[in-house]
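> The structure is given below, and queries will be raised subsequently.
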Amino acid sequence: MLDAVRLRIDLAYDGAHFYGWAKQPEIRTVQGEIERTLHTVLRVPEHDADEPLRLTVAGRTDTGVHASHQVCHLDVDEDVLARCVGHMDVPPVTALSRRLRRMLPDDISIHAVSKAPDGFDARFSALERTYVYRITDSNSEIDPRTRNFVLHVDNELNIEAMNEAAAMTIGLHDFGSFATPNPGGTTIREVKTAYWRRIPQRPLIDDGMTMGERYRTPAAESGLVCFTIVADAFARNMVRSLVNGCVQVGIGKRSLDWFAGKMATPLREGSTGPIAPQGLTLEHIEYPADDQLAARAEAIRAKRTL
């Protein structure tokens, strides 16, 4: 038996037909699909207690939520990893990457598979996560091709008011009004950036010449209202609930004083539940330099306080 190796897997997925990331019996999930494929590629029985193939992910996404860049890690013995090489004249990690790309369903894409540096933990070593929520409102044209990752609202959104609400979330807060803690956990998180903006209307072709309106096909995100939020970590339903709160302010259903009150008093109730999932995408996971990975993982395991 050779030594175990930790692999870093960078990937993306369309969450429309997944019941979230976390593996569940009899339900299609991202983790379930990848682990099932890993067991096939590495020729490990799925119920083998001696060689479990289990992924640890940077951030669990909910049902219907997407990821353009997710990160997870896998611990596997080197002799098991070598099983995927077959007749390919390539290193085992390269062989695994190729076989995963070939065998996974079309709504999962593998960006890269690599040997993780010492101390790397996909979840606990992460410095921050970036999510983007995309909306079309009454001031933007609806492109039916984007329906799986953009939410449509009938109203015109007041982006200035929504940005005033978003600004209240920046810093270290208890987001108990907008999130659910895990058992034994907390809803205290540090938000580093949070803002709304409308993506400018821009032509697909723009070379500085007047070429006629037939060339002014808008790029796919032109006119969308996007919420970008960056935090060290997120509690369950936190991003979608904050989006819902901001949207209620943006359509005039709730006031900024109401939002401030929810931030000041972390109490969960019906008006601060999560908005629909399809507009949300995990866009980026940031990690420290390799020599700081282990220290970061150790520090983040501590329970947060204000």
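Here's how to read the names in the structure tokens: chain A, B, ... by the order shown, residue numbers from 1 in each chain, ligand numbers from 1 in the order shown.
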As a PyMOL selection string, please: all residues of range 100-269 of chain A that backbone DSSP puts in strand (DSSP E).
chain A and resi 108-115+128-136+151-152+171-174+188-198+225-231
> For range 122-139 of chain A, work out the shell of residues within 7 Å, counting only C-alpha atoms and skipping chain neighbours fewer than 2 positions away, then give it as an NGL selection string.
:A and (56-59 or 71-73 or 120 or 141-142 or 150-157 or 224-233 or 279-288 or 293-294 or 296-297 or 300-301)
> With distances taken over only C-alpha atoms, which residue among A:Val93, A:Ala67, A:Val85, A:Leu7 lies nearest Leu55 in chain A?
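Of A:Val93, A:Ala67, A:Val85, A:Leu7, the one nearest Leu55 in chain A is A:Leu7, counting only C-alpha atoms.
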> My list of candidates is A:Ser177, A:Gln248, A:Ser241, A:Thr187. Which is closest to Ile159 in chain A when distances are computed with only C-alpha atoms?
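The closest residue to Ile159 in chain A is A:Gln248.
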> Have a look at A:Phe149, A:Tyr13, A:Phe18, A:Trp196 and name the one nearest to Ser109 in chain A; count only C-alpha atoms.
A:Tyr13
> Need to verify the contact set: Arg98 in chain A, 12 Å, only C-alpha atoms, exclusion of same-chain residues closer than 4 positions in sequence. Can you return it as a list in words?
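With the cut-off at 12 Å, the set is Leu38, Val41, Cys84, Val85, Gly86, Met88, Val90, Pro91, Pro92, Val93, Thr94, Arg102, Met103, Leu104, Ser109, Ile110, His111, Ala112 and Val113 of chain A.
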> Could you check which of A:Asp291, A:Glu164, A:Glu298, A:Asp107 is closest to Asp257 in chain A, using only C-alpha atoms?
A:Glu164
> Looking only at the backbone, which of the residues in range 108-306 of chain A does DSSP tag as alpha helix (DSSP H), as a ChimeraX atom specification?
/A:159-167,238-250,256-264,293-300
> Tell me, in Å to one decimal, how far CA of Ala12 in chain A is from CA of Val30 in chain A.
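For CA of Ala12 in chain A relative to CA of Val30 in chain A, the distance reads 9.9 Å.
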> Quick one: of A:Thr180, A:Thr272, A:Thr193, A:Thr265, who's nearest to Ala235 in chain A, counting only C-alpha atoms?
A:Thr180
> Go ahead and compute the interatomic distance for CA of Gln278 in chain A and CA of Gln24 in chain A, in Å to one decimal.
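Between CA of Gln278 in chain A and CA of Gln24 in chain A the gap is 20.4 Å.
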> For Ala4 in chain A, list every protein, DNA or RNA residue within 7 Å, evaluated using only C-alpha atoms, and leave out those in the same chain fewer than 3 positions away; present the list as a list in words.
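The residues that qualify are Asp75, Val76, Asp77 and Glu78 of chain A.
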> Take the residues from that selection and put them in a file with C-alpha atoms, as a short mmCIF file (atom, residue, chain, number, x, y, z; two decimals), in the first residue's frame.

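Generated output (result-v9.cif):
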data_model
loop_
_atom_site.label_atom_id
_atom_site.label_comp_id
_atom_site.auth_asym_id
_atom_site.auth_seq_id
_atom_site.Cartn_x
_atom_site.Cartn_y
_atom_site.Cartn_z
CA ASP A 75 -7.90 11.84 -0.20
CA VAL A 76 -6.97 8.66 -2.05
CA ASP A 77 -4.19 6.06 -1.79
CA GLU A 78 -1.67 6.33 -4.62
#
> Extract, using only C-alpha atoms, all DNA, RNA and protein residues at most 12 Å from Gly176 in chain A, discarding same-chain residues fewer than 6 positions from it, and format them as a list in words.
Asn182, Gly185, Thr186, Thr187, Ile188, Arg189, Phe234, Ala235, Arg236, Asn237, Met238, Ser241, Leu242, Gly261, Lys262, Met263, Ala264, Thr265, Pro266, Leu267, Arg268, Glu269, Thr272 and Gly273 of chain A
> Got time to write the residues from that selection, C-alpha atoms, as an mmCIF file, in the first residue's frame?

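After the write, result.cif holds the following:
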data_model
loop_
_atom_site.group_PDB
_atom_site.id
_atom_site.type_symbol
_atom_site.label_atom_id
_atom_site.label_comp_id
_atom_site.auth_asym_id
_atom_site.auth_seq_id
_atom_site.Cartn_x
_atom_site.Cartn_y
_atom_site.Cartn_z
ATOM 1 C CA ASN A 182 -25.613 24.345 11.446
ATOM 2 C CA GLY A 185 -22.577 26.417 14.720
ATOM 3 C CA THR A 186 -23.175 30.126 14.486
ATOM 4 C CA THR A 187 -24.524 32.684 12.000
ATOM 5 C CA ILE A 188 -21.675 35.134 12.647
ATOM 6 C CA ARG A 189 -19.855 35.901 9.396
ATOM 7 C CA PHE A 234 -21.620 31.885 4.431
ATOM 8 C CA ALA A 235 -24.241 30.323 6.679
ATOM 9 C CA ARG A 236 -27.087 28.277 5.236
ATOM 10 C CA ASN A 237 -29.453 30.307 2.995
ATOM 11 C CA MET A 238 -27.563 33.494 3.900
ATOM 12 C CA SER A 241 -32.055 35.620 2.166
ATOM 13 C CA LEU A 242 -29.969 38.797 1.950
ATOM 14 C CA GLY A 261 -33.588 46.422 12.213
ATOM 15 C CA LYS A 262 -33.109 42.910 10.868
ATOM 16 C CA MET A 263 -29.348 43.414 10.883
ATOM 17 C CA ALA A 264 -29.434 44.793 14.430
ATOM 18 C CA THR A 265 -31.635 42.017 15.844
ATOM 19 C CA PRO A 266 -30.695 38.583 14.460
ATOM 20 C CA LEU A 267 -34.123 36.954 14.582
ATOM 21 C CA ARG A 268 -35.312 34.698 11.760
ATOM 22 C CA GLU A 269 -38.931 35.087 10.626
ATOM 23 C CA THR A 272 -36.380 37.223 5.635
ATOM 24 C CA GLY A 273 -36.557 33.837 3.953
#
> With distances taken over only C-alpha atoms, which residue among A:Trp258, A:Arg198, A:Pro52, A:Ala302 lies nearest Gly184 in chain A?
A:Ala302
